[in-house]
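Chemist: Supplied structure: upload03.pdb, PDB, C-alpha atoms.
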```pdb
ATOM      1  CA  MET A   1       0.000   0.000   0.000
ATOM      2  CA  ALA A   2       1.149   3.488  -0.747
ATOM      3  CA  ARG A   3      -0.454   6.824  -0.098
ATOM      4  CA  VAL A   4      -0.058   9.627  -2.591
ATOM      5  CA  VAL A   5      -1.170  13.123  -1.645
ATOM      6  CA  VAL A   6      -2.368  15.533  -4.304
ATOM      7  CA  GLU A   7      -2.858  19.135  -3.276
ATOM      8  CA  VAL A   8      -4.746  21.526  -5.516
ATOM      9  CA  MET A   9      -4.692  25.297  -5.149
ATOM     10  CA  LEU A  10      -6.263  28.059  -7.197
ATOM     11  CA  LYS A  11      -3.614  29.875  -9.213
ATOM     12  CA  PRO A  12      -2.418  33.042  -7.456
ATOM     13  CA  GLU A  13      -4.114  35.321  -9.991
ATOM     14  CA  ILE A  14      -7.535  33.653  -9.581
ATOM     15  CA  LEU A  15      -9.857  35.249  -7.013
ATOM     16  CA  ASP A  16     -10.652  32.908  -4.109
ATOM     17  CA  PRO A  17     -13.962  34.073  -2.580
ATOM     18  CA  GLN A  18     -13.940  31.222  -0.043
ATOM     19  CA  GLY A  19     -10.511  32.239   1.198
ATOM     20  CA  LYS A  20     -11.736  35.837   1.419
ATOM     21  CA  ALA A  21     -14.719  34.711   3.517
ATOM     22  CA  VAL A  22     -12.422  32.857   5.906
ATOM     23  CA  LEU A  23     -10.104  35.867   6.054
ATOM     24  CA  GLY A  24     -13.071  38.033   7.031
ATOM     25  CA  ALA A  25     -14.172  35.632   9.761
ATOM     26  CA  LEU A  26     -10.796  35.290  11.478
ATOM     27  CA  PRO A  27     -10.627  38.744  13.124
ATOM     28  CA  ARG A  28     -14.240  38.409  14.234
ATOM     29  CA  LEU A  29     -13.076  35.404  16.268
ATOM     30  CA  GLY A  30     -10.137  37.290  17.666
ATOM     31  CA  PHE A  31      -7.446  35.852  15.369
ATOM     32  CA  GLU A  32      -5.436  38.909  14.402
ATOM     33  CA  GLY A  33      -2.552  39.414  12.024
ATOM     34  CA  VAL A  34      -3.689  37.136   9.194
ATOM     35  CA  VAL A  35      -3.312  39.112   5.962
ATOM     36  CA  ASP A  36      -4.464  36.552   3.391
ATOM     37  CA  VAL A  37      -6.132  33.136   3.181
ATOM     38  CA  ARG A  38      -6.231  30.836   0.162
ATOM     39  CA  GLN A  39      -8.351  27.698   0.347
ATOM     40  CA  GLY A  40      -7.398  24.551  -1.556
ATOM     41  CA  LYS A  41      -8.138  20.852  -1.777
ATOM     42  CA  ARG A  42      -6.175  17.850  -0.549
ATOM     43  CA  PHE A  43      -6.692  14.376  -1.991
ATOM     44  CA  GLU A  44      -5.235  11.249  -0.394
ATOM     45  CA  LEU A  45      -5.015   8.405  -2.887
ATOM     46  CA  GLU A  46      -4.473   4.907  -1.489
ATOM     47  CA  LEU A  47      -2.805   2.666  -4.053
ATOM     48  CA  ASP A  48      -2.439  -1.073  -3.731
ATOM     49  CA  GLY A  49       0.822  -2.843  -4.568
ATOM     50  CA  GLU A  50       4.170  -1.250  -5.176
ATOM     51  CA  LEU A  51       4.416   2.406  -6.116
ATOM     52  CA  THR A  52       6.421   2.591  -9.321
ATOM     53  CA  GLU A  53       7.419   5.671 -11.278
ATOM     54  CA  GLU A  54       4.912   4.621 -13.929
ATOM     55  CA  ARG A  55       2.039   4.520 -11.441
ATOM     56  CA  LEU A  56       3.095   7.860 -10.022
ATOM     57  CA  GLY A  57       2.900   9.160 -13.563
ATOM     58  CA  GLU A  58      -0.685   7.917 -13.753
ATOM     59  CA  VAL A  59      -1.503   9.799 -10.558
ATOM     60  CA  ARG A  60      -0.024  12.966 -12.068
ATOM     61  CA  SER A  61      -2.174  12.397 -15.122
ATOM     62  CA  ALA A  62      -5.266  12.009 -12.926
ATOM     63  CA  ALA A  63      -4.311  15.154 -11.029
ATOM     64  CA  GLU A  64      -4.092  17.072 -14.287
ATOM     65  CA  THR A  65      -7.256  15.738 -15.920
ATOM     66  CA  LEU A  66      -9.726  15.254 -13.071
ATOM     67  CA  LEU A  67      -8.481  16.405  -9.673
ATOM     68  CA  SER A  68      -7.473  19.851 -10.906
ATOM     69  CA  ASN A  69      -8.495  22.179 -13.703
ATOM     70  CA  PRO A  70      -5.207  23.495 -15.133
ATOM     71  CA  VAL A  71      -7.015  26.591 -16.414
ATOM     72  CA  ILE A  72      -7.497  27.896 -12.877
ATOM     73  CA  GLU A  73      -5.561  25.583 -10.550
ATOM     74  CA  ASN A  74      -2.074  24.282  -9.789
ATOM     75  CA  TYR A  75      -1.383  20.907  -8.204
ATOM     76  CA  THR A  76       1.406  19.084  -6.402
ATOM     77  CA  VAL A  77       1.856  15.332  -6.074
ATOM     78  CA  ARG A  78       3.901  13.728  -3.302
ATOM     79  CA  VAL A  79       4.267  10.296  -1.815
ATOM     80  CA  GLN A  80       3.447  10.083   1.882
ATOM     81  CA  GLN A  81       5.933   7.874   3.696
ATOM     82  CA  GLY A  82       4.972   5.515   6.514
TER
ATOM     83  CA  MET B   1     -35.123  18.864 -36.005
ATOM     84  CA  LYS B   2     -34.304  16.629 -33.038
ATOM     85  CA  ILE B   3     -32.614  18.380 -30.144
ATOM     86  CA  GLY B   4     -31.263  16.241 -27.343
ATOM     87  CA  VAL B   5     -31.292  17.447 -23.744
ATOM     88  CA  VAL B   6     -28.907  15.561 -21.468
ATOM     89  CA  THR B   7     -29.983  14.638 -17.961
ATOM     90  CA  PHE B   8     -27.123  14.152 -15.494
ATOM     91  CA  PRO B   9     -27.644  13.189 -11.854
ATOM     92  CA  GLY B  10     -28.432  16.588 -10.347
ATOM     93  CA  SER B  11     -29.606  18.321 -13.523
ATOM     94  CA  LEU B  12     -32.427  20.734 -12.669
ATOM     95  CA  ASP B  13     -33.471  22.461 -15.837
ATOM     96  CA  ASP B  14     -33.660  19.573 -18.295
ATOM     97  CA  GLY B  15     -37.461  19.665 -18.189
ATOM     98  CA  ASP B  16     -37.601  23.395 -18.906
ATOM     99  CA  ALA B  17     -34.982  22.990 -21.655
ATOM    100  CA  ARG B  18     -37.086  20.310 -23.390
ATOM    101  CA  ARG B  19     -40.129  22.537 -23.102
ATOM    102  CA  ALA B  20     -38.214  25.487 -24.575
ATOM    103  CA  VAL B  21     -37.095  23.263 -27.454
ATOM    104  CA  ARG B  22     -40.727  22.351 -28.176
ATOM    105  CA  LEU B  23     -41.910  25.974 -27.910
ATOM    106  CA  GLY B  24     -39.175  26.906 -30.364
ATOM    107  CA  GLY B  25     -40.512  24.372 -32.830
ATOM    108  CA  GLY B  26     -37.985  21.573 -32.340
ATOM    109  CA  GLU B  27     -38.459  17.977 -31.248
ATOM    110  CA  ALA B  28     -37.020  17.431 -27.780
ATOM    111  CA  VAL B  29     -35.232  14.138 -27.116
ATOM    112  CA  SER B  30     -34.187  13.082 -23.618
ATOM    113  CA  LEU B  31     -30.588  11.911 -23.415
ATOM    114  CA  TRP B  32     -29.193  10.059 -20.405
ATOM    115  CA  HIS B  33     -25.747  10.727 -18.955
ATOM    116  CA  GLY B  34     -24.868   7.032 -18.772
ATOM    117  CA  ASP B  35     -25.925   6.290 -22.338
ATOM    118  CA  ARG B  36     -23.133   6.330 -24.896
ATOM    119  CA  ASP B  37     -25.577   7.255 -27.640
ATOM    120  CA  LEU B  38     -26.980  10.522 -28.976
ATOM    121  CA  HIS B  39     -30.003   8.784 -30.551
ATOM    122  CA  SER B  40     -29.641  10.542 -33.919
ATOM    123  CA  VAL B  41     -30.241  14.048 -32.575
ATOM    124  CA  ASP B  42     -29.182  17.073 -34.631
ATOM    125  CA  ALA B  43     -28.150  19.268 -31.681
ATOM    126  CA  VAL B  44     -27.559  18.926 -27.941
ATOM    127  CA  VAL B  45     -28.398  21.062 -24.910
ATOM    128  CA  LEU B  46     -26.512  20.562 -21.638
ATOM    129  CA  PRO B  47     -28.944  22.022 -19.113
ATOM    130  CA  GLY B  48     -28.471  23.877 -15.865
ATOM    131  CA  GLY B  49     -28.399  22.365 -12.416
ATOM    132  CA  PHE B  50     -25.865  20.749 -10.138
ATOM    133  CA  SER B  51     -24.576  17.706 -11.995
ATOM    134  CA  TYR B  52     -23.009  15.216  -9.594
ATOM    135  CA  GLY B  53     -23.751  17.652  -6.773
ATOM    136  CA  ASP B  54     -21.084  20.063  -8.078
ATOM    137  CA  TYR B  55     -18.607  17.744  -6.340
ATOM    138  CA  LEU B  56     -14.916  18.419  -7.041
ATOM    139  CA  ARG B  57     -15.657  21.378  -9.365
ATOM    140  CA  CYS B  58     -18.850  22.325 -11.190
ATOM    141  CA  GLY B  59     -19.023  20.146 -14.294
ATOM    142  CA  ALA B  60     -15.778  18.301 -13.552
ATOM    143  CA  ILE B  61     -17.355  14.869 -13.148
ATOM    144  CA  ALA B  62     -20.111  15.330 -15.724
ATOM    145  CA  ARG B  63     -17.405  15.941 -18.287
ATOM    146  CA  PHE B  64     -16.424  12.283 -18.027
ATOM    147  CA  ALA B  65     -19.969  10.884 -18.241
ATOM    148  CA  PRO B  66     -20.332   8.309 -21.045
ATOM    149  CA  VAL B  67     -22.672  10.540 -23.061
ATOM    150  CA  MET B  68     -20.079  13.331 -23.062
ATOM    151  CA  GLU B  69     -17.667  11.306 -25.190
ATOM    152  CA  GLU B  70     -20.316  11.383 -27.909
ATOM    153  CA  VAL B  71     -21.149  15.048 -27.290
ATOM    154  CA  VAL B  72     -17.491  16.085 -27.534
ATOM    155  CA  ALA B  73     -16.973  14.118 -30.750
ATOM    156  CA  ALA B  74     -20.174  15.499 -32.292
ATOM    157  CA  ALA B  75     -19.319  19.065 -31.257
ATOM    158  CA  LYS B  76     -15.906  18.786 -32.880
ATOM    159  CA  ALA B  77     -17.649  17.549 -36.038
ATOM    160  CA  GLY B  78     -19.871  20.642 -36.082
ATOM    161  CA  MET B  79     -23.044  19.641 -34.243
ATOM    162  CA  PRO B  80     -24.653  22.585 -32.437
ATOM    163  CA  VAL B  81     -24.129  22.207 -28.674
ATOM    164  CA  LEU B  82     -25.474  24.664 -26.094
ATOM    165  CA  GLY B  83     -24.411  24.613 -22.461
ATOM    166  CA  ILE B  84     -26.564  26.629 -20.085
ATOM    167  CA  CYS B  85     -25.164  27.502 -16.651
ATOM    168  CA  ASN B  86     -23.972  24.119 -15.360
ATOM    169  CA  GLY B  87     -23.849  23.082 -19.020
ATOM    170  CA  PHE B  88     -21.495  26.024 -19.696
ATOM    171  CA  GLN B  89     -19.316  24.822 -16.823
ATOM    172  CA  ILE B  90     -19.286  21.315 -18.323
ATOM    173  CA  LEU B  91     -18.274  22.665 -21.759
ATOM    174  CA  CYS B  92     -15.350  24.512 -20.172
ATOM    175  CA  GLU B  93     -14.264  21.449 -18.193
ATOM    176  CA  ALA B  94     -14.478  19.410 -21.410
ATOM    177  CA  HIS B  95     -12.270  22.005 -23.165
ATOM    178  CA  LEU B  96     -14.874  22.601 -25.837
ATOM    179  CA  LEU B  97     -14.808  26.220 -24.658
ATOM    180  CA  PRO B  98     -11.847  28.083 -23.139
ATOM    181  CA  GLY B  99     -11.650  29.509 -19.634
ATOM    182  CA  ALA B 100     -13.498  28.450 -16.500
ATOM    183  CA  LEU B 101     -16.325  29.491 -14.194
ATOM    184  CA  ILE B 102     -15.561  30.095 -10.545
ATOM    185  CA  ARG B 103     -17.515  31.172  -7.482
ATOM    186  CA  ASN B 104     -19.282  34.537  -7.703
ATOM    187  CA  ASP B 105     -17.002  37.292  -6.425
ATOM    188  CA  HIS B 106     -19.620  38.426  -3.868
ATOM    189  CA  ARG B 107     -19.902  34.800  -2.565
ATOM    190  CA  THR B 108     -23.687  34.667  -2.685
ATOM    191  CA  PHE B 109     -26.044  32.881  -5.023
ATOM    192  CA  VAL B 110     -27.578  35.324  -7.489
ATOM    193  CA  CYS B 111     -31.058  35.043  -8.992
ATOM    194  CA  ARG B 112     -32.336  37.932 -11.078
ATOM    195  CA  ASP B 113     -33.838  39.048 -14.366
ATOM    196  CA  GLN B 114     -30.604  40.003 -16.093
ATOM    197  CA  ARG B 115     -30.242  42.424 -18.973
ATOM    198  CA  LEU B 116     -27.808  41.282 -21.649
ATOM    199  CA  ARG B 117     -26.505  42.453 -24.969
ATOM    200  CA  ILE B 118     -26.237  39.776 -27.673
ATOM    201  CA  GLU B 119     -22.981  40.652 -29.407
ATOM    202  CA  ASN B 120     -22.377  37.746 -31.762
ATOM    203  CA  VAL B 121     -25.359  36.804 -33.923
ATOM    204  CA  SER B 122     -23.497  34.420 -36.211
ATOM    205  CA  THR B 123     -23.542  31.358 -33.956
ATOM    206  CA  ALA B 124     -25.818  28.337 -34.289
ATOM    207  CA  TRP B 125     -27.716  29.469 -31.191
ATOM    208  CA  THR B 126     -27.925  33.261 -31.626
ATOM    209  CA  HIS B 127     -28.395  34.013 -35.327
ATOM    210  CA  HIS B 128     -32.094  34.837 -34.931
ATOM    211  CA  TYR B 129     -31.236  37.834 -32.717
ATOM    212  CA  PRO B 130     -30.693  41.257 -34.257
ATOM    213  CA  VAL B 131     -27.134  42.540 -33.912
ATOM    214  CA  GLY B 132     -26.658  44.185 -30.518
ATOM    215  CA  ALA B 133     -30.056  43.035 -29.242
ATOM    216  CA  GLU B 134     -30.649  43.980 -25.617
ATOM    217  CA  VAL B 135     -32.636  41.266 -23.888
ATOM    218  CA  THR B 136     -33.706  40.215 -20.401
ATOM    219  CA  ILE B 137     -33.051  36.627 -19.407
ATOM    220  CA  VAL B 138     -33.149  34.911 -16.023
ATOM    221  CA  LEU B 139     -29.791  34.433 -14.336
ATOM    222  CA  LYS B 140     -29.276  32.134 -11.348
ATOM    223  CA  ASN B 141     -25.896  30.858 -10.288
ATOM    224  CA  GLY B 142     -23.441  30.473  -7.454
ATOM    225  CA  GLU B 143     -20.393  29.829  -9.616
ATOM    226  CA  GLY B 144     -20.887  31.972 -12.679
ATOM    227  CA  SER B 145     -17.807  34.160 -12.632
ATOM    228  CA  TYR B 146     -16.104  33.658 -15.968
ATOM    229  CA  VAL B 147     -12.298  33.737 -15.888
ATOM    230  CA  ALA B 148      -9.646  33.173 -18.529
ATOM    231  CA  ASP B 149      -6.021  34.192 -18.951
ATOM    232  CA  ARG B 150      -5.087  37.367 -20.763
ATOM    233  CA  SER B 151      -4.231  35.791 -24.107
ATOM    234  CA  THR B 152      -7.461  33.741 -24.146
ATOM    235  CA  LEU B 153      -9.473  36.892 -23.437
ATOM    236  CA  ASP B 154      -7.629  38.769 -26.179
ATOM    237  CA  HIS B 155      -8.457  35.979 -28.642
ATOM    238  CA  LEU B 156     -12.119  35.867 -27.596
ATOM    239  CA  GLU B 157     -12.486  39.624 -27.978
ATOM    240  CA  ALA B 158     -10.519  39.896 -31.225
ATOM    241  CA  GLU B 159     -12.516  37.092 -32.816
ATOM    242  CA  GLY B 160     -15.892  38.350 -31.572
ATOM    243  CA  ARG B 161     -16.481  35.176 -29.606
ATOM    244  CA  VAL B 162     -18.131  36.878 -26.632
ATOM    245  CA  ILE B 163     -21.731  36.230 -27.609
ATOM    246  CA  ALA B 164     -23.457  37.956 -24.680
ATOM    247  CA  ARG B 165     -22.391  40.540 -22.132
ATOM    248  CA  TYR B 166     -24.041  41.631 -18.881
ATOM    249  CA  LEU B 167     -25.652  45.076 -18.919
ATOM    250  CA  ASP B 168     -26.344  47.412 -15.967
ATOM    251  CA  VAL B 169     -24.646  45.219 -13.351
ATOM    252  CA  ASN B 170     -22.016  42.531 -13.435
ATOM    253  CA  PRO B 171     -23.835  39.924 -11.329
ATOM    254  CA  ASN B 172     -20.977  37.545 -10.553
ATOM    255  CA  GLY B 173     -17.600  39.153 -11.242
ATOM    256  CA  SER B 174     -17.111  37.745 -14.759
ATOM    257  CA  VAL B 175     -14.183  39.312 -16.587
ATOM    258  CA  HIS B 176     -15.202  41.756 -19.327
ATOM    259  CA  ASP B 177     -18.849  41.296 -18.183
ATOM    260  CA  ILE B 178     -18.894  38.032 -20.147
ATOM    261  CA  ALA B 179     -22.191  36.131 -19.977
ATOM    262  CA  GLY B 180     -21.563  33.726 -22.843
ATOM    263  CA  ILE B 181     -18.966  32.676 -25.396
ATOM    264  CA  THR B 182     -18.692  30.495 -28.478
ATOM    265  CA  ASN B 183     -16.034  28.293 -30.033
ATOM    266  CA  GLU B 184     -14.249  29.298 -33.236
ATOM    267  CA  ALA B 185     -16.731  27.513 -35.488
ATOM    268  CA  GLY B 186     -19.785  29.026 -33.793
ATOM    269  CA  ASN B 187     -21.528  25.702 -33.184
ATOM    270  CA  VAL B 188     -20.675  25.387 -29.474
ATOM    271  CA  VAL B 189     -22.081  28.057 -27.169
ATOM    272  CA  GLY B 190     -21.907  28.435 -23.393
ATOM    273  CA  LEU B 191     -24.280  30.813 -21.659
ATOM    274  CA  MET B 192     -24.555  31.497 -17.930
ATOM    275  CA  PRO B 193     -28.095  33.015 -18.021
ATOM    276  CA  HIS B 194     -31.034  30.675 -18.674
ATOM    277  CA  PRO B 195     -32.844  31.287 -21.987
ATOM    278  CA  GLU B 196     -35.026  28.227 -21.321
ATOM    279  CA  HIS B 197     -36.620  30.151 -18.432
ATOM    280  CA  ALA B 198     -37.464  33.091 -20.721
ATOM    281  CA  VAL B 199     -39.642  31.555 -23.420
ATOM    282  CA  GLU B 200     -43.158  32.541 -22.338
ATOM    283  CA  ALA B 201     -44.543  35.904 -21.245
ATOM    284  CA  LEU B 202     -46.559  34.247 -18.467
ATOM    285  CA  CYS B 203     -43.547  32.815 -16.668
ATOM    286  CA  GLY B 204     -40.505  34.965 -16.029
ATOM    287  CA  PRO B 205     -39.445  38.245 -17.554
ATOM    288  CA  GLY B 206     -40.653  37.551 -21.096
ATOM    289  CA  ASP B 207     -39.756  35.440 -24.090
ATOM    290  CA  ASP B 208     -36.380  36.928 -25.004
ATOM    291  CA  GLY B 209     -34.769  33.503 -24.677
ATOM    292  CA  LEU B 210     -36.885  31.830 -27.319
ATOM    293  CA  ALA B 211     -34.680  32.956 -30.226
ATOM    294  CA  VAL B 212     -31.917  30.693 -28.889
ATOM    295  CA  PHE B 213     -34.121  27.684 -29.543
ATOM    296  CA  THR B 214     -35.407  28.897 -32.917
ATOM    297  CA  SER B 215     -31.907  29.866 -34.112
ATOM    298  CA  VAL B 216     -30.652  26.308 -33.887
ATOM    299  CA  LEU B 217     -33.451  25.018 -36.108
ATOM    300  CA  SER B 218     -31.875  26.713 -39.115
ATOM    301  CA  SER B 219     -28.257  26.153 -38.188
ATOM    302  CA  GLY B 220     -27.524  23.566 -40.874
ATOM    303  CA  THR B 221     -24.767  25.679 -42.342
ATOM    304  CA  PHE B 222     -22.641  25.464 -39.211
ATOM    305  CA  ALA B 223     -21.665  21.848 -39.673
ATOM    306  CA  SER B 224     -20.124  22.655 -43.030
ATOM    307  CA  ARG B 225     -17.926  25.375 -41.504
ATOM    308  CA  CYS B 226     -16.085  23.002 -39.185
TER
END
```
Give the structure from the file, written as structure tokens.

Modeler:
Amino acid sequence: MARVVVEVMLKPEILDPQGKAVLGALPRLGFEGVVDVRQGKRFELELDGELTEERLGEVRSAAETLLSNPVIENYTVRVQQG
Amino acid sequence: MKIGVVTFPGSLDDGDARRAVRLGGGEAVSLWHGDRDLHSVDAVVLPGGFSYGDYLRCGAIARFAPVMEEVVAAAKAGMPVLGICNGFQILCEAHLLPGALIRNDHRTFVCRDQRLRIENVSTAWTHHYPVGAEVTIVLKNGEGSYVADRSTLDHLEAEGRVIARYLDVNPNGSVHDIAGITNEAGNVVGLMPHPEHAVEALCGPGDDGLAVFTSVLSSGTFASRC
């Protein structure tokens, strides 16, 4: 078993209204000093068998075609150890 | 002319879209998301709603529905395809149209009678409108803010591919007040407002949306342009 983590974030130039809403709520709760919030998505993919470079490539392909929309989002793929 | 209306899990406006097709003079055909068959239709409407619950991103999962393989192939071959609201989002996710639709900049769902200017009347779905027609069509969306990178916007503007622009107010933060766009060939159109809700004077703000559904009936020339 291997766990691969894909994180997806809106590109910096794309407005993130959800992040803005969170940013607005923080000072109301007394959390001061936060100047910006960006909200993203985290996917944890459990793969059976051995994690080969080829299978990691398939995960990258999935990240690019389904998990993220490259028009508005960036993604990172990393293998979680242990 | 047979016009297919796709129903995805979570589609809301497929019934109204079929009704608008009939009021426009076409024959409405129900298409099912899991059916890899367009049943010999001449055009396709992807209706509004919340396909697959808007999970992941609006339209992101619907794009991979079995019926969409056929829709994408037919669109590339010149078949008229209209995406309304969620359908517009699906067309962008399927890369039949450029750009993307993100959450409204003011973070609230918007529902209003929206004034628009129809700016491109040479598409399969708009050629019955007079040039520069100002119309009122229902708008209702939570994620209707159109975005695209600078070079995509420059191409859309230079090629006259913005088919409709918001008037009076920009209801969702769309760049350049964009309410709808078309592909290069003019057979694929995405529109955030809902023309299928503006086809009868009794219900809604009027019948300004009806010309969308009559335009497509005489769109035979578009296939030959692709």

Chemist: Considering all atoms listed in the file, extract the chain B residues located within 10 Å of chain A and return them as a list in words.

Modeler: Leu56, Arg57, Ala60, Ile61, Arg63, Phe64, Cys92, Glu93, Ala94, His95, Pro98, Gly99, Ala100, Leu101, Ile102, Arg103, Asn104, Asp105, His106, Arg107, Thr108, Ser145, Val147, Ala148, Asp149 and Gly173 of chain B

Chemist: Could you tell me which residues the PyMOL selection byres ((chain A and resi 50) around 8) returns for this structure, as a list in words?

Modeler: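 On the file shown, the PyMOL selection byres ((chain A and resi 50) around 8) covers Met1, Ala2, Asp48, Gly49, Leu51 and Thr52 of chain A.
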
Chemist: Which residue is closest to Ala158 of chain B? Choose from B:Glu200, B:Glu69, B:Glu184, B:Glu143 and count only C-alpha atoms.

Modeler: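 For Ala158 of chain B, the nearest of the candidates is B:Glu184.
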
Chemist: Here's the selection I'm unsure about, the PyMOL selection byres ((chain B and resi 73) around 12); applied to the file above, which residues does it give, as JSON, numbers by chain?

Modeler: {"B": [36, 37, 38, 44, 66, 67, 68, 69, 70, 71, 72, 74, 75, 76, 77, 78, 79, 80, 81, 94, 95, 96, 188]}

Chemist: Kindly save the residues from that selection, with C-alpha atoms included, as a PDB file, in the frame of the given file.

Modeler:
```pdb
ATOM      1  CA  ARG B  36     -23.133   6.330 -24.896  1.00  0.00           C
ATOM      2  CA  ASP B  37     -25.577   7.255 -27.640  1.00  0.00           C
ATOM      3  CA  LEU B  38     -26.980  10.522 -28.976  1.00  0.00           C
ATOM      4  CA  VAL B  44     -27.559  18.926 -27.941  1.00  0.00           C
ATOM      5  CA  PRO B  66     -20.332   8.309 -21.045  1.00  0.00           C
ATOM      6  CA  VAL B  67     -22.672  10.540 -23.061  1.00  0.00           C
ATOM      7  CA  MET B  68     -20.079  13.331 -23.062  1.00  0.00           C
ATOM      8  CA  GLU B  69     -17.667  11.306 -25.190  1.00  0.00           C
ATOM      9  CA  GLU B  70     -20.316  11.383 -27.909  1.00  0.00           C
ATOM     10  CA  VAL B  71     -21.149  15.048 -27.290  1.00  0.00           C
ATOM     11  CA  VAL B  72     -17.491  16.085 -27.534  1.00  0.00           C
ATOM     12  CA  ALA B  74     -20.174  15.499 -32.292  1.00  0.00           C
ATOM     13  CA  ALA B  75     -19.319  19.065 -31.257  1.00  0.00           C
ATOM     14  CA  LYS B  76     -15.906  18.786 -32.880  1.00  0.00           C
ATOM     15  CA  ALA B  77     -17.649  17.549 -36.038  1.00  0.00           C
ATOM     16  CA  GLY B  78     -19.871  20.642 -36.082  1.00  0.00           C
ATOM     17  CA  MET B  79     -23.044  19.641 -34.243  1.00  0.00           C
ATOM     18  CA  PRO B  80     -24.653  22.585 -32.437  1.00  0.00           C
ATOM     19  CA  VAL B  81     -24.129  22.207 -28.674  1.00  0.00           C
ATOM     20  CA  ALA B  94     -14.478  19.410 -21.410  1.00  0.00           C
ATOM     21  CA  HIS B  95     -12.270  22.005 -23.165  1.00  0.00           C
ATOM     22  CA  LEU B  96     -14.874  22.601 -25.837  1.00  0.00           C
ATOM     23  CA  VAL B 188     -20.675  25.387 -29.474  1.00  0.00           C
TER      24      VAL B 188
END
```

Chemist: Work out how far atom CA of Asn187 of chain B is from atom CA of His128 of chain B, in Å to one decimal.

Modeler: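 Separating atom CA of His128 of chain B from atom CA of Asn187 of chain B is a distance of 14.1 Å.
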
Chemist: Please indicate the distance in Å from atom CA of Arg19 of chain B to atom CA of Ser218 of chain B, rounded to one decimal place.

Modeler: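 Here the two named atoms are 18.5 Å from each other.
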
Chemist: Counting all atoms listed in the file, which residues come within 8 Å of (-4.5, 11.7, -0.2), with the point read in the file's coordinates, and could you list them as number ranges by chain?

Modeler: A: 3-6, 42-46

Chemist: Quick check, in Å to one decimal: how far apart do atom CA of Arg60 of chain A and atom CA of Val77 of chain A lie?

Modeler: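 Here the two named atoms are 6.7 Å from each other.
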
Chemist: Could you spell out the hits of the PyMOL selection byres ((chain A and resi 22) around 12) on the shown file, as a count of residues only?

Modeler: 21
